[in-house]
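> Have a peek at data.cif (mmCIF, C-alpha atoms).
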data_query
loop_
_atom_site.label_atom_id
_atom_site.label_comp_id
_atom_site.auth_asym_id
_atom_site.auth_seq_id
_atom_site.Cartn_x
_atom_site.Cartn_y
_atom_site.Cartn_z
CA MET H 1 0.00 0.00 0.00
CA ALA H 2 1.25 3.45 -0.91
CA LYS H 3 2.16 5.77 1.96
CA ILE H 4 2.64 9.50 1.74
CA ARG H 5 2.83 12.45 4.11
CA ILE H 6 -0.81 13.52 3.90
CA SER H 7 -1.06 17.25 3.27
CA LYS H 8 -3.00 19.58 1.01
CA ARG H 9 -0.29 19.41 -1.66
CA THR H 10 -0.11 15.59 -1.73
CA ILE H 11 -3.90 15.19 -1.70
CA ASP H 12 -4.35 17.62 -4.59
CA ALA H 13 -1.81 15.56 -6.54
CA LEU H 14 -3.79 12.30 -6.19
CA GLU H 15 -5.52 11.36 -9.47
CA PRO H 16 -8.72 9.23 -9.47
CA ARG H 17 -8.61 5.72 -10.96
CA GLU H 18 -11.19 3.30 -12.34
CA LYS H 19 -11.59 1.84 -8.87
CA ALA H 20 -11.49 3.50 -5.47
CA PHE H 21 -8.18 3.28 -3.61
CA VAL H 22 -6.72 4.35 -0.26
CA VAL H 23 -3.46 6.12 0.40
CA TYR H 24 -2.17 5.93 3.97
CA ASP H 25 -0.22 8.50 5.95
CA SER H 26 3.46 7.77 6.45
CA GLU H 27 3.50 9.26 9.97
CA LEU H 28 0.19 8.29 11.64
CA SER H 29 -0.53 4.61 11.20
CA GLY H 30 -4.18 3.95 10.26
CA PHE H 31 -4.83 7.47 8.96
CA GLY H 32 -5.47 7.78 5.22
CA VAL H 33 -7.38 9.23 2.27
CA ARG H 34 -9.85 7.28 0.14
CA VAL H 35 -10.09 8.45 -3.47
CA ALA H 36 -13.26 7.49 -5.36
CA PRO H 37 -13.52 7.24 -9.15
CA ALA H 38 -14.23 10.44 -11.08
CA SER H 39 -17.83 11.42 -11.75
CA ALA H 40 -19.73 14.28 -13.30
CA LYS H 41 -20.05 15.94 -9.87
CA THR H 42 -16.50 15.17 -8.75
CA PRO H 43 -14.21 15.05 -11.77
CA ASP H 44 -11.14 14.97 -9.49
CA GLY H 45 -12.60 12.05 -7.52
CA LEU H 46 -14.27 12.31 -4.10
CA LYS H 47 -11.53 12.30 -1.48
CA THR H 48 -12.48 11.26 2.04
CA PHE H 49 -10.32 11.06 5.15
CA ILE H 50 -10.50 7.68 6.90
CA VAL H 51 -9.01 5.97 9.92
CA GLU H 52 -8.53 2.21 10.33
CA TYR H 53 -8.14 0.39 13.64
CA ARG H 54 -8.73 -2.99 15.29
CA PRO H 55 -11.42 -2.65 18.00
CA GLY H 56 -11.29 -4.18 21.46
CA ALA H 57 -8.07 -5.95 22.36
CA GLY H 58 -6.77 -5.56 18.80
CA GLY H 59 -4.34 -8.07 17.34
CA ARG H 60 -4.19 -9.79 13.95
CA SER H 61 -7.13 -12.02 14.82
CA VAL H 62 -9.45 -9.01 15.08
CA ARG H 63 -10.87 -7.67 11.85
CA SER H 64 -9.93 -4.04 11.20
CA VAL H 65 -12.62 -1.36 11.01
CA ARG H 66 -12.58 1.58 8.65
CA LEU H 67 -14.27 4.81 9.81
CA ALA H 68 -14.86 7.83 7.58
CA ILE H 69 -13.74 11.08 9.22
CA GLY H 70 -14.88 13.65 6.70
CA ARG H 71 -14.65 14.84 3.12
CA TYR H 72 -11.54 16.66 1.95
CA GLY H 73 -12.51 20.28 1.48
CA ALA H 74 -15.06 20.18 4.28
CA ILE H 75 -12.23 19.63 6.78
CA THR H 76 -8.51 20.27 6.46
CA PRO H 77 -5.80 17.59 6.55
CA ASP H 78 -4.61 18.90 9.93
CA ASP H 79 -8.13 18.66 11.42
CA ALA H 80 -8.57 15.18 9.96
CA ARG H 81 -5.23 14.06 11.43
CA ARG H 82 -6.27 15.38 14.86
CA ILE H 83 -9.61 13.51 14.69
CA ALA H 84 -7.87 10.33 13.51
CA ARG H 85 -5.43 10.52 16.41
CA ASP H 86 -8.34 10.81 18.88
CA LYS H 87 -10.19 7.85 17.32
CA LEU H 88 -7.06 5.69 17.44
CA ALA H 89 -6.55 6.64 21.09
CA GLN H 90 -10.14 5.57 21.84
CA ALA H 91 -9.54 2.24 20.09
CA ARG H 92 -6.38 1.64 22.15
CA THR H 93 -8.43 2.01 25.36
CA GLY H 94 -10.90 -0.66 24.19
CA GLU H 95 -13.56 1.61 22.69
CA ASP H 96 -15.03 1.19 19.22
CA PRO H 97 -15.65 4.61 17.61
CA ALA H 98 -17.47 3.04 14.63
CA ALA H 99 -19.85 1.15 16.92
CA GLN H 100 -20.37 4.36 18.90
CA ARG H 101 -21.28 6.18 15.69
CA ARG H 102 -23.79 3.48 14.75
CA GLN H 103 -25.28 3.72 18.23
CA ASP H 104 -25.48 7.52 17.98
CA ARG H 105 -27.31 7.25 14.66
CA GLY H 106 -29.87 4.89 16.17
CA THR H 107 -30.45 7.06 19.26
CA PRO H 108 -33.51 9.35 19.10
CA THR H 109 -33.29 13.09 19.55
CA VAL H 110 -34.56 14.89 22.63
CA ALA H 111 -37.47 16.21 20.55
CA ALA H 112 -38.52 12.71 19.49
CA VAL H 113 -38.35 11.39 23.06
CA ALA H 114 -40.26 14.43 24.33
CA GLU H 115 -43.13 13.83 21.92
CA LYS H 116 -43.30 10.17 22.87
CA TRP H 117 -43.23 11.07 26.56
CA MET H 118 -45.97 13.68 26.15
CA ALA H 119 -48.21 11.24 24.27
CA GLU H 120 -47.67 8.08 26.29
CA GLN H 121 -46.90 9.32 29.79
CA VAL H 122 -48.05 12.89 30.35
CA GLY H 123 -51.12 12.59 28.15
CA GLU H 124 -52.31 9.47 29.97
CA LYS H 125 -51.41 10.14 33.59
CA PHE H 126 -51.27 13.91 34.14
CA SER H 127 -53.93 16.59 34.39
CA ALA H 128 -54.78 18.92 31.54
CA LYS H 129 -53.17 21.82 33.40
CA THR H 130 -49.90 19.91 33.77
CA ARG H 131 -49.96 18.90 30.10
CA ILE H 132 -50.31 22.54 29.05
CA LEU H 133 -47.51 23.59 31.40
CA TYR H 134 -45.10 20.90 30.19
CA ARG H 135 -45.85 21.69 26.55
CA SER H 136 -45.03 25.33 27.24
CA TYR H 137 -41.74 24.38 28.94
CA LEU H 138 -40.74 22.18 26.02
CA ASP H 139 -41.67 24.60 23.24
CA ARG H 140 -40.25 27.72 24.87
CA HIS H 141 -37.11 26.51 26.62
CA VAL H 142 -36.10 22.90 25.99
CA LEU H 143 -36.56 22.16 22.30
CA PRO H 144 -34.93 25.39 21.03
CA ALA H 145 -31.86 24.61 23.16
CA ILE H 146 -31.39 20.81 22.89
CA GLY H 147 -34.29 19.48 20.78
CA THR H 148 -32.10 18.38 17.86
CA LYS H 149 -29.48 16.73 20.08
CA LYS H 150 -29.26 12.97 20.28
CA LEU H 151 -30.33 11.80 23.71
CA ASN H 152 -26.94 10.35 24.60
CA LEU H 153 -25.18 13.60 23.67
CA VAL H 154 -27.06 15.74 26.18
CA THR H 155 -24.70 16.74 28.99
CA PRO H 156 -25.30 18.07 32.51
CA GLY H 157 -23.86 21.33 31.19
CA ASP H 158 -26.70 21.58 28.64
CA ILE H 159 -29.30 21.23 31.40
CA ASP H 160 -27.46 23.62 33.67
CA ALA H 161 -27.39 26.24 30.90
CA ILE H 162 -31.20 26.11 30.56
CA HIS H 163 -31.58 26.22 34.34
CA VAL H 164 -29.23 29.19 34.77
CA ALA H 165 -30.80 31.13 31.89
CA LEU H 166 -34.22 31.01 33.56
CA GLY H 167 -32.76 31.69 37.00
CA SER H 168 -30.84 34.72 35.75
CA ALA H 169 -34.12 36.07 34.36
CA GLY H 170 -35.60 35.99 37.86
CA LYS H 171 -37.59 32.81 37.24
CA GLN H 172 -35.97 30.50 39.79
CA PRO H 173 -39.15 28.52 40.63
CA THR H 174 -39.82 27.99 36.91
CA ALA H 175 -36.20 26.88 36.43
CA ASN H 176 -36.58 24.30 39.19
CA ARG H 177 -39.92 23.00 37.87
CA LEU H 178 -38.46 22.70 34.37
CA VAL H 179 -35.46 20.58 35.36
CA SER H 180 -37.77 18.36 37.43
CA MET H 181 -39.80 17.85 34.26
CA LEU H 182 -36.63 17.02 32.31
CA SER H 183 -35.59 14.51 34.95
CA ALA H 184 -38.93 12.73 34.49
CA LEU H 185 -38.48 12.82 30.70
CA PHE H 186 -35.00 11.25 30.83
CA ASN H 187 -36.16 8.62 33.34
CA PHE H 188 -38.95 7.73 30.90
CA ALA H 189 -36.32 7.25 28.18
CA LEU H 190 -34.36 4.92 30.47
CA ARG H 191 -37.44 2.86 31.37
CA ARG H 192 -38.46 2.49 27.74
CA ARG H 193 -34.85 1.72 26.72
CA LEU H 194 -34.81 4.58 24.27
CA ALA H 195 -31.40 5.62 25.56
CA PRO H 196 -28.25 3.61 24.74
CA ALA H 197 -26.41 1.49 27.28
CA GLY H 198 -24.44 3.56 29.75
CA PHE H 199 -26.74 6.58 29.51
CA THR H 200 -27.28 8.40 32.79
CA ASN H 201 -29.85 11.07 33.56
CA PRO H 202 -28.04 14.40 32.93
CA VAL H 203 -30.26 16.12 35.52
CA PHE H 204 -28.86 13.95 38.32
CA GLY H 205 -26.86 16.04 40.79
CA LEU H 206 -28.02 19.42 39.45
CA GLU H 207 -28.32 21.93 42.28
CA ARG H 208 -31.69 23.63 42.31
CA TYR H 209 -32.32 27.22 43.31
CA ARG H 210 -33.37 27.73 46.87
CA GLU H 211 -37.03 28.66 47.11
CA GLU H 212 -38.82 30.38 49.93
CA LYS H 213 -42.06 28.55 50.70
CA ARG H 214 -45.03 30.91 50.70
CA GLU H 215 -47.21 30.39 53.72
CA ARG H 216 -50.02 32.93 53.68
CA PHE H 217 -52.85 32.30 56.10
CA LEU H 218 -55.92 34.43 56.57
CA THR H 219 -56.35 35.86 60.05
CA THR H 220 -59.77 36.16 61.69
CA PRO H 221 -60.12 39.89 60.77
CA GLU H 222 -59.11 39.08 57.18
CA LEU H 223 -61.69 36.29 57.00
CA GLN H 224 -64.30 38.72 58.25
CA ARG H 225 -63.38 41.27 55.57
CA LEU H 226 -63.47 38.59 52.89
CA GLY H 227 -66.90 37.44 54.08
CA ASP H 228 -68.24 41.00 53.98
CA VAL H 229 -66.99 41.50 50.40
CA LEU H 230 -68.43 38.17 49.23
CA ARG H 231 -71.86 39.14 50.55
CA GLN H 232 -71.57 42.53 48.90
CA ALA H 233 -70.39 41.00 45.62
CA GLU H 234 -73.45 38.77 45.30
CA THR H 235 -75.99 41.41 46.42
CA SER H 236 -75.26 45.08 45.69
CA GLY H 237 -72.12 44.30 43.65
CA LEU H 238 -68.56 45.62 43.66
CA ALA H 239 -67.48 48.94 42.20
CA TRP H 240 -65.12 48.90 39.27
CA ASP H 241 -63.04 51.49 37.43
CA PRO H 242 -62.40 51.71 33.67
CA ARG H 243 -59.01 50.58 32.51
CA PRO H 244 -56.59 53.53 32.34
CA THR H 245 -55.52 52.42 28.85
CA GLY H 246 -59.07 51.79 27.63
CA LYS H 247 -61.66 54.10 26.14
CA THR H 248 -63.57 55.88 28.95
CA LYS H 249 -65.73 58.24 26.89
CA HIS H 250 -68.76 55.94 26.97
CA ALA H 251 -68.07 54.36 30.37
CA PRO H 252 -70.99 54.36 32.85
CA LYS H 253 -71.06 56.95 35.61
CA ALA H 254 -69.25 56.04 38.82
CA GLU H 255 -72.49 55.33 40.71
CA ASN H 256 -73.50 52.86 37.99
CA ARG H 257 -70.16 51.05 37.81
CA ARG H 258 -71.00 48.08 40.02
CA GLU H 259 -70.84 44.39 39.12
CA VAL H 260 -72.93 41.73 40.82
CA TYR H 261 -71.24 38.35 40.83
CA SER H 262 -72.85 35.00 40.18
CA PRO H 263 -73.51 32.79 43.23
CA HIS H 264 -71.33 30.22 41.47
CA VAL H 265 -68.33 32.57 41.79
CA THR H 266 -68.85 33.42 45.46
CA GLY H 267 -69.93 29.84 46.15
CA ALA H 268 -66.69 28.49 44.66
CA ILE H 269 -64.63 30.73 46.95
CA ARG H 270 -66.62 29.66 50.00
CA LEU H 271 -66.24 25.98 49.06
CA LEU H 272 -62.47 26.43 48.75
CA LEU H 273 -62.42 27.88 52.27
CA PHE H 274 -64.76 25.30 53.83
CA THR H 275 -63.21 22.19 52.27
CA GLY H 276 -59.52 23.00 51.73
CA CYS H 277 -59.83 21.62 48.19
CA ARG H 278 -57.64 22.70 45.33
CA LEU H 279 -59.09 25.11 42.76
CA ARG H 280 -59.52 22.54 39.95
CA GLU H 281 -61.15 20.09 42.34
CA ILE H 282 -63.93 22.62 42.94
CA LEU H 283 -64.16 24.00 39.40
CA HIS H 284 -64.35 20.48 37.93
CA LEU H 285 -66.74 19.18 40.59
CA ARG H 286 -69.85 17.53 39.12
CA TRP H 287 -73.18 17.15 40.84
CA THR H 288 -72.81 13.40 40.44
CA ASP H 289 -69.65 13.52 42.61
CA ILE H 290 -71.66 14.64 45.67
CA ASP H 291 -73.28 12.30 48.18
CA PHE H 292 -75.56 14.67 50.14
CA GLU H 293 -76.91 11.88 52.34
CA ARG H 294 -73.50 10.91 53.73
CA GLY H 295 -71.95 14.37 53.33
CA LEU H 296 -69.09 13.34 51.03
CA LEU H 297 -67.45 14.40 47.79
CA PHE H 298 -66.06 11.58 45.66
CA LEU H 299 -63.44 13.17 43.40
CA PRO H 300 -62.36 10.73 40.67
CA LYS H 301 -59.26 12.78 39.89
CA SER H 302 -57.05 14.96 42.04
CA LYS H 303 -53.35 15.69 42.33
CA THR H 304 -52.89 12.53 44.40
CA GLY H 305 -55.48 10.37 42.60
CA ALA H 306 -59.04 9.53 43.60
CA LYS H 307 -60.04 11.40 46.74
CA THR H 308 -62.92 11.51 49.22
CA VAL H 309 -63.69 14.85 50.86
CA VAL H 310 -65.73 15.10 54.06
CA LEU H 311 -68.35 17.85 53.76
CA ASN H 312 -69.10 19.99 56.80
CA ALA H 313 -72.36 21.86 57.44
CA PRO H 314 -71.23 25.22 55.94
CA ALA H 315 -70.03 23.47 52.75
CA LEU H 316 -73.31 21.54 52.48
CA ASP H 317 -75.25 24.80 52.89
CA VAL H 318 -73.27 26.38 50.03
CA LEU H 319 -73.90 23.38 47.76
CA ALA H 320 -77.60 23.33 48.60
CA SER H 321 -77.94 27.04 47.75
CA LEU H 322 -76.27 26.85 44.34
CA PRO H 323 -78.63 26.77 41.33
CA ARG H 324 -78.08 23.82 39.01
CA ALA H 325 -77.11 25.01 35.55
CA GLY H 326 -75.48 21.97 34.00
CA ALA H 327 -73.30 19.00 34.85
CA PHE H 328 -70.82 21.05 36.90
CA VAL H 329 -71.47 22.51 40.33
CA ILE H 330 -69.66 25.74 39.46
CA ALA H 331 -71.39 26.63 36.22
CA SER H 332 -69.64 28.23 33.25
CA GLY H 333 -70.96 29.68 30.01
CA ASP H 334 -71.23 26.14 28.61
CA PRO H 335 -73.29 23.74 30.78
CA GLU H 336 -71.15 20.81 29.63
CA LYS H 337 -67.76 22.42 30.35
CA PRO H 338 -66.18 23.43 33.66
CA ARG H 339 -65.30 27.01 34.45
CA ALA H 340 -61.71 27.77 33.44
CA ASP H 341 -60.64 29.95 36.38
CA LEU H 342 -61.60 32.65 38.89
CA GLN H 343 -58.82 35.11 38.12
CA ARG H 344 -60.86 38.19 37.22
CA PRO H 345 -63.44 38.04 40.04
CA TRP H 346 -60.76 36.98 42.53
CA ALA H 347 -58.67 40.06 41.71
CA ARG H 348 -61.69 42.35 42.27
CA ILE H 349 -62.78 40.62 45.48
CA THR H 350 -59.35 40.58 47.11
CA ALA H 351 -58.77 44.22 46.16
CA ALA H 352 -62.08 45.23 47.73
CA ALA H 353 -61.23 43.25 50.88
CA GLY H 354 -57.77 44.79 51.18
CA LEU H 355 -56.08 41.41 50.62
CA ALA H 356 -53.60 42.32 47.91
CA GLY H 357 -51.31 39.44 46.96
CA LEU H 358 -53.57 36.75 48.38
CA ARG H 359 -53.62 33.72 46.09
CA ILE H 360 -56.57 31.39 45.66
CA HIS H 361 -54.36 28.51 46.87
CA ASP H 362 -53.87 30.43 50.14
CA LEU H 363 -57.47 29.54 50.99
CA ARG H 364 -56.34 25.91 51.22
CA HIS H 365 -53.46 26.96 53.48
CA SER H 366 -55.92 28.89 55.64
CA PHE H 367 -58.14 25.82 56.03
CA ALA H 368 -55.08 23.81 57.13
CA SER H 369 -53.82 26.53 59.48
CA VAL H 370 -57.13 26.70 61.34
CA GLY H 371 -57.11 22.91 61.78
CA ALA H 372 -53.47 22.76 62.90
CA GLY H 373 -53.78 25.77 65.19
CA GLY H 374 -56.92 24.29 66.72
CA GLY H 375 -54.96 21.31 68.01
CA MET H 376 -56.65 18.79 65.71
CA GLY H 377 -53.39 17.02 64.93
CA LEU H 378 -51.41 16.99 61.71
CA PRO H 379 -52.50 13.47 60.64
CA ILE H 380 -56.16 14.55 60.73
CA VAL H 381 -55.41 17.78 58.85
CA GLY H 382 -53.41 15.84 56.25
CA LYS H 383 -56.29 13.40 55.81
CA LEU H 384 -58.77 16.25 55.28
CA LEU H 385 -56.47 17.84 52.69
CA GLY H 386 -55.89 14.54 50.89
CA HIS H 387 -52.13 14.50 51.43
CA SER H 388 -50.60 11.16 50.45
CA ASN H 389 -47.37 11.92 52.32
CA ALA H 390 -47.14 13.05 55.95
CA SER H 391 -44.17 15.27 55.13
CA THR H 392 -46.45 17.46 53.02
CA THR H 393 -48.58 18.29 56.06
CA ALA H 394 -45.48 18.89 58.17
CA ARG H 395 -45.21 22.44 56.77
CA TYR H 396 -48.04 23.34 59.17
CA ALA H 397 -46.27 21.87 62.20
CA HIS H 398 -45.23 25.27 63.54
CA LEU H 399 -48.91 26.19 63.85
CA HIS H 400 -49.62 23.16 66.01
CA ALA H 401 -48.24 25.05 69.01
CA ASP H 402 -50.28 23.91 72.05
CA PRO H 403 -48.01 20.99 73.12
CA LEU H 404 -44.90 23.10 72.48
CA ARG H 405 -46.32 26.02 74.45
CA GLN H 406 -47.13 23.78 77.39
CA ALA H 407 -43.64 22.29 77.32
CA SER H 408 -42.04 25.74 77.09
CA GLU H 409 -44.13 27.02 80.01
CA ARG H 410 -43.18 24.01 82.16
CA ILE H 411 -39.45 24.32 81.40
CA ALA H 412 -39.36 28.08 81.98
CA GLY H 413 -41.46 27.73 85.15
CA THR H 414 -38.98 25.26 86.62
CA ILE H 415 -36.02 27.49 85.74
CA ALA H 416 -37.72 30.63 87.09
CA ALA H 417 -38.58 28.88 90.34
CA ALA H 418 -34.99 27.76 90.76
CA LEU H 419 -33.75 31.30 90.17
CA ASP H 420 -36.15 32.61 92.86
CA SER H 421 -35.43 29.67 95.21
CA LYS H 422 -39.08 28.60 95.07
CA ALA H 423 -40.78 25.32 94.37
CA PRO H 424 -41.91 25.13 90.72
CA ALA H 425 -45.50 26.15 90.27
CA GLU H 426 -47.91 23.95 88.32
CA ILE H 427 -48.63 25.39 84.91
CA ILE H 428 -52.30 25.25 83.94
CA SER H 429 -53.31 26.14 80.39
CA ILE H 430 -55.85 28.91 79.86
CA SER H 431 -58.30 26.46 78.32
CA ALA H 432 -57.94 24.10 81.27
CA SER H 433 -58.43 26.92 83.78
CA ARG H 434 -61.62 27.91 82.04
CA LYS H 435 -62.90 24.35 82.31
CA LEU H 436 -62.11 24.30 86.03
CA ALA H 437 -63.98 27.56 86.47
#
Would you encode the structure as structure tokens?


Amino acid sequence: MAKIRISKRTIDALEPREKAFVVYDSELSGFGVRVAPASAKTPDGLKTFIVEYRPGAGGRSVRSVRLAIGRYGAITPDDARRIARDKLAQARTGEDPAAQRRQDRGTPTVAAVAEKWMAEQVGEKFSAKTRILYRSYLDRHVLPAIGTKKLNLVTPGDIDAIHVALGSAGKQPTANRLVSMLSALFNFALRRRLAPAGFTNPVFGLERYREEKRERFLTTPELQRLGDVLRQAETSGLAWDPRPTGKTKHAPKAENRREVYSPHVTGAIRLLLFTGCRLREILHLRWTDIDFERGLLFLPKSKTGAKTVVLNAPALDVLASLPRAGAFVIASGDPEKPRADLQRPWARITAAAGLAGLRIHDLRHSFASVGAGGGMGLPIVGKLLGHSNASTTARYAHLHADPLRQASERIAGTIAAALDSKAPAEIISISASRKLA
């Protein structure tokens, strides 16, 4: 076999023949140039850099493998030599670059896996709200960044770049939710064996942004203000102002700018307070889900699966007062479709009640806080909320203060008595003293 010092000058001098032939480099063993016969498109013959090696343990008994590096003209001889040296080094360590290339070609892209995951996993097992959220994450952040990458070529650095970009934009919670979604996507690929052997989840080990848990509970005065506004909203109505950017020429006079809200709107808010349910659980509640005789709601779908909610007297009163206008308890414009949200009326109601920044989900927290603060015990509160994990209810532990207060009083009483050289006094709780009286 002919050997030459492969360079631009020597490659340009190679003339095509009737059959393809290979010329090897005189310095780097296994590195060469394949020259194809001349054609109408390539009259000088197509010249392709190649590297040959024996995979695995090597030796004469192992058949050599030829791997194309790239076409002359698309890459330079120096670049081709550098690539060939790397491939030969991989082969010496027991790797097989050609097999790796075949594996890479058979590995799906992130976009292909994402579509399969959305159709077979998210579409079947997640709520409509979650499906919309995940689709938004994929289309806006993931697919533009790594959608065309083969699954096995995605690195932790790729995921970190997406995470940091969102975090730098002030969207740390979104960044954390997105990488959690990606972790589920890559785990799906592993379970379905869409990823090649040796693939590890690139999200593993990624440090999330620290998030401050929002714990907003309504106080008794705030509950009173909210109740007053709800009664006003469904009777005389709430005042409203024209949008500053809108046309105000034909707007009604101030005394006529009042909006009376449907009992389904105010009823939904009261049900959220009285049951501790999530918003979608109330908005998607059907009349057929209610057992008035036993005072129960049977929710076929919730965040934690099927769920039974115990109805108290105030909640039953709200349900009994609501007019039936279709399949759903909280009626919408279409009797066969649930109401989409409560955003607009909620903004007006909270503004009128002086509760700026209060979220609808905070009503659920308020329900839990009253239960925990009333000494009902976290397991009972968790059961009422439908928590599947006790750790979820533990966020309300600091409100369950009665046992801690009693312990603190007893400890401090003993210490104070010792300081004053007196016998420790018995600590009696206020509630107990009232019972004795």

> Show which residues sit within 10 Å of region 300-311 of chain H, as a PyMOL selection string. Count only C-alpha atoms, and ignore same-chain residues fewer than 5 positions away.

chain H and resi 125-127+271+274-278+280-281+284-285+289-292+294-295+316-317+319+383-389

> Skipping near chain neighbours, those fewer than 2 positions away, what residues fall within 12 Å of Lys47 (chain H) using only C-alpha atoms, listed as a PyMOL selection string?

chain H and resi 8+10-17+20-23+32-38+42-45+49-50+68-77

> Nearest to Ala80 (chain H) among H:Ser7, H:Asn201, H:Thr414, H:Gln121, with distances taken over all atoms listed in the file: which residue is it?

H:Ser7

> How big is the axis-aligned box, and where does its centre sit, when it encloses all atoms of region 24-31 of chain H listed in the file and has 5 Å added on every side, reported in Å to one decimal as JSON?


{"center_x": -0.7, "center_y": 6.6, "center_z": 7.8, "size_x": 18.3, "size_y": 15.3, "size_z": 17.7}

> Just want the 12 Å neighbourhood of region 164-181 of chain H, counted on all atoms listed in the file, with same-chain residues fewer than 3 positions away dropped. Output as number ranges by chain.

H: 114, 117-118, 121-122, 130-131, 133-142, 145, 156-161, 184-188, 201-214

> Between CA of Ala84 (chain H) and CA of Gly30 (chain H), what is the distance, to one decimal in Å?

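Taking CA of Ala84 (chain H) as the start and CA of Gly30 (chain H) as the end point, the length is 8.1 Å.
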
> Go through H:Arg216, H:Arg348, H:Lys337, H:Lys87 one by one, measure the shortest atom-to-atom distance of each to Arg364 (chain H) using all atoms listed in the file, and give the residue with the smallest value.

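Closest to Arg364 (chain H) of all the choices is H:Arg216.
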
> Quote the spacing between CA of Val329 (chain H) and CA of Leu226 (chain H) in Å to one decimal place.

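CA of Leu226 (chain H) lies at a distance of 21.9 Å from CA of Val329 (chain H).
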
> Just give me the residues with any atom within 8 Å of (-33.4, 15.2, 22.0), file coordinates, counting all atoms listed in the file, written as a list of chain:residue names.

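Those residues lying close to the given coordinates are H:Pro108, H:Thr109, H:Val110, H:Ala111, H:Ala112, H:Val113, H:Ala114, H:Leu143, H:Ile146, H:Gly147, H:Thr148, H:Lys149, H:Lys150, H:Leu151, H:Val154.
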
> Given the file shown, enumerate the residues that the PyMOL selection byres ((chain H and resi 345) around 10) captures and present them as an mmCIF file with C-alpha atoms, keeping the file's coordinate frame.


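Wrote it out as selection_14.cif, contents follow:
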data_model
loop_
_atom_site.group_PDB
_atom_site.id
_atom_site.type_symbol
_atom_site.label_atom_id
_atom_site.label_comp_id
_atom_site.auth_asym_id
_atom_site.auth_seq_id
_atom_site.Cartn_x
_atom_site.Cartn_y
_atom_site.Cartn_z
ATOM 1 C CA ALA H 233 -70.390 41.000 45.620
ATOM 2 C CA LEU H 238 -68.560 45.620 43.660
ATOM 3 C CA GLU H 259 -70.840 44.390 39.120
ATOM 4 C CA TYR H 261 -71.240 38.350 40.830
ATOM 5 C CA SER H 262 -72.850 35.000 40.180
ATOM 6 C CA VAL H 265 -68.330 32.570 41.790
ATOM 7 C CA THR H 266 -68.850 33.420 45.460
ATOM 8 C CA ASP H 341 -60.640 29.950 36.380
ATOM 9 C CA LEU H 342 -61.600 32.650 38.890
ATOM 10 C CA GLN H 343 -58.820 35.110 38.120
ATOM 11 C CA ARG H 344 -60.860 38.190 37.220
ATOM 12 C CA TRP H 346 -60.760 36.980 42.530
ATOM 13 C CA ALA H 347 -58.670 40.060 41.710
ATOM 14 C CA ARG H 348 -61.690 42.350 42.270
ATOM 15 C CA ILE H 349 -62.780 40.620 45.480
ATOM 16 C CA THR H 350 -59.350 40.580 47.110
ATOM 17 C CA ALA H 351 -58.770 44.220 46.160
#

> Would you work out the distance separating CA of Phe31 (chain H) from CA of Arg92 (chain H), expressed in Å to one decimal?

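That distance, rounded to one decimal, is 14.5 Å.
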